[in-house]
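Everything below concerns the one structure shown next.
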Amino acid sequence: MENTVFGSSGRTVSRIGLGTWQLGTRWGDPFNHDEAMKILETADQAGITFIDTADVYNGGKSEETIGEYIASNRDRFYITTKVERRLNPHTAEMYTPEAIASYIDGSLSRLKTDCIDMVLLHCPPTPVFSRDDIFEELERQKAAGKIRGYGVSIEKVEEGLQAMNYGISAMEVIFNMFRLKPLDELFPKAKEKNIGIIARVPLASGLLTGKFTKDTAFGPKDHRSYNREGKSFDKGETFSGVPYETGLAAVEELKKLFGTEDLAPIALRWVLMHDAVSVVIPGASRASQVTDNVRASELPPLTEAQMDGVRDIYDRDLRELIHPQW
């Protein structure tokens with residue numbers, strides 16, 4: 001497993017982490033505690049030390065299960081959680097210092113720890129990224145010893161650029177072969193400020209595995225069915241905002257470029273080719289997917305021609321659709 005120092009934290013973490021949105025379950029299916037524990041155990045045995053979660057994942061069960069698993073070996077793991085998506089309505093006005101303090105306390109309880117390594121604002125409305133009172137509260141939480149660092153999870157590049165005016169030490173952003181805009185300005189500035197970058201949605205909701213077809217069916221409670229146009233949350237969270245059929249066509253071009261039907265490890269390796277990225281966090285609904293994801297760390301570096309080929313496919317097929325939106 002390849003490791004790195006995570007931003008300014010001084011902590012060494014695995015560059016392949018574990019995202020836990022669908023920990024122990026497929027999107028929309030009932031939570032499976034035993035499978036969730038098996039996923040965490042498999043990740044642990046594979047050398048994964050970075051775990052990303054959120055207070056809303058599986059209604060809090062993701063944090064609770066992680067807390068259960070790490071109770072006897074807390075020091076081995078770097079835990080990042082995200083807060084505030086529980087706000088209802090999820091508006092900028094609902095973001096208050098008191099709400100942040102309350103949600104952090106809730107995560108501390110579920111994770112069964114007295115200090116969280118990293119807390120991120122969970123894709124708040126854009127105006128929140130320029131709210132002094134919000135970042136001042138995060139600084140107070142850090143000073144109180146409840147969190148070791150804080151940062152943001154973003155939808156748009158402009159939000160990340162705004163957040164870097166404050167004392168953030170980490171940023172979570174959608175970055176994959178279908179979402180190249182962070183390379184232009186965001187990553188260079190984050191690297192200059194030694195901000196740890198967490199690459200999320202690295203497989204574009206599974207589209208970049210190469211396993212989907214026009215006939216692939218998704219369950220009615222799976223966001224890949226109901227959120228393609230952003231009816232429930234930002235559509236960039238679903239297939240990275242790429243129209244499904246357009247994505248399928250681009251995937252076929254990528255398969256030709258790399259000479260394989262199995263794109264998942266290559267898509268993860270592509271993310272790791274960018275040194276501004278500290279860690280990539282593919283999810284897993286079953287333990288075998290963790291093992292598959294770790295294969296990316298065993299691949300040799302991609303060639304310059306392959307990297308250029310990905311850029312060419314993006315520029316030709318996706319740039320006009322994606323670049324202006326996020």
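In the structure tokens, chains take letters A, B, ... by order of appearance, with residues numbered from 1 within each chain and ligands from 1 in the order shown.
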Problem set entry | Selection near stretch 99-112 of chain A, 9 Å with only C-alpha atoms, sequence-local residues under 4 positions removed, as an MDAnalysis selection string | chainID A and resid 54:55 60:68 70:71 81:84 86:87 94:95 116 119 121 134 137:138 141 146:147
Problem set entry | Non-local contacts of A:Pro125 (6 Å; only C-alpha atoms; under 2 positions in same chain excluded) as a PyMOL selection string | chain A and resi 92+127-128
For this session: Considering only C-alpha atoms, state which residue in the set A:Pro301, A:Gly259, A:Gly151, A:Gly19 is at the smallest distance from A:Ser205.
Result: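 Among A:Pro301, A:Gly259, A:Gly151, A:Gly19, it is A:Gly19 that comes nearest to A:Ser205.
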For this session: Write down as JSON, numbers by chain the residues belonging to stretch 138-215 of chain A that are assigned strand (DSSP E) by DSSP computed on the backbone.
Result: {"A": [150, 151, 152, 153, 170, 171, 172, 173, 174, 196, 197, 198, 199, 200]}
For this session: Have a look at A:Ile195, A:Met37, A:Ala296, A:Ala163 and name the one nearest to A:Phe135; count only C-alpha atoms.
Result: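 Among the listed residues, A:Ala163 lies closest to A:Phe135.
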For this session: Could you give me, as a PyMOL selection string, the residues within 7 Å of stretch 274-289 of chain A, counting only C-alpha atoms and dropping anything in the same chain fewer than 2 positions from it?
Result: chain A and resi 4+6+14-26+35+38-39+42+187+191+196-202+271-272+291-293
For this session: Identify which of the residues A:Glu2, A:Asp133, A:Asp184, A:Glu192 lies closest to A:Tyr166, counting only C-alpha atoms when measuring atom-to-atom distances.
Result: A:Asp133
For this session: Measuring atom to atom with only C-alpha atoms, identify which of A:Lys235, A:His90, A:Lys181, A:Arg295 is nearest to A:His122.
Result: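 Of A:Lys235, A:His90, A:Lys181, A:Arg295, the one nearest A:His122, counting only C-alpha atoms, is A:His90.
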For this session: Identify which of the residues A:Thr209, A:Gln325, A:Thr238, A:Asn58 lies closest to A:Leu180, counting only C-alpha atoms when measuring atom-to-atom distances.
Result: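 So, comparing all the options, the nearest one is A:Gln325.
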Exercise. What is the distance between atom CA of A:Phe178 and atom CA of A:Ala204, in Å to one decimal?
Worked result: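 Atom CA of A:Ala204 lies 7.5 Å from atom CA of A:Phe178.
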Problem set entry | Nearest-residue call for A:Lys193, choices A:Glu158, A:Ser8, A:Lys142, A:Thr260, using only C-alpha atoms | A:Ser8
For this session: Have a look at atom CA of A:Leu40 and atom CA of A:Tyr69 and let me know their distance in Å, one decimal.
Result: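 Taking atom CA of A:Leu40 as the start and atom CA of A:Tyr69 as the end point, the length is 7.3 Å.
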Problem set entry | Within 12 Å of stretch 316-320 of chain A using only C-alpha atoms, minus same-chain residues under 6 positions, as a list in words |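 Near stretch 316-320 of chain A, the qualifying residues are Met177, Phe178, Arg179, Leu180, Lys181, Ser240, Gly241, Val242, Pro243, Tyr244, Glu245, Thr246, Gly247, Leu248, Ala249, Ala250, Val251, Glu252, Glu253, Leu254, Gly309, Val310 and Trp326 of chain A.
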For this session: Could you please determine the separation between atom CA of A:Ser169 and atom CA of A:Ala267 in Å, to one decimal place?
Result: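 Between atom CA of A:Ser169 and atom CA of A:Ala267 the gap is 25.8 Å.
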For this session: Just list the residues in stretch 236-282 of chain A DSSP gives alpha helix (DSSP H) on the backbone, as number ranges by chain.
Result: A: 244-258, 264-272
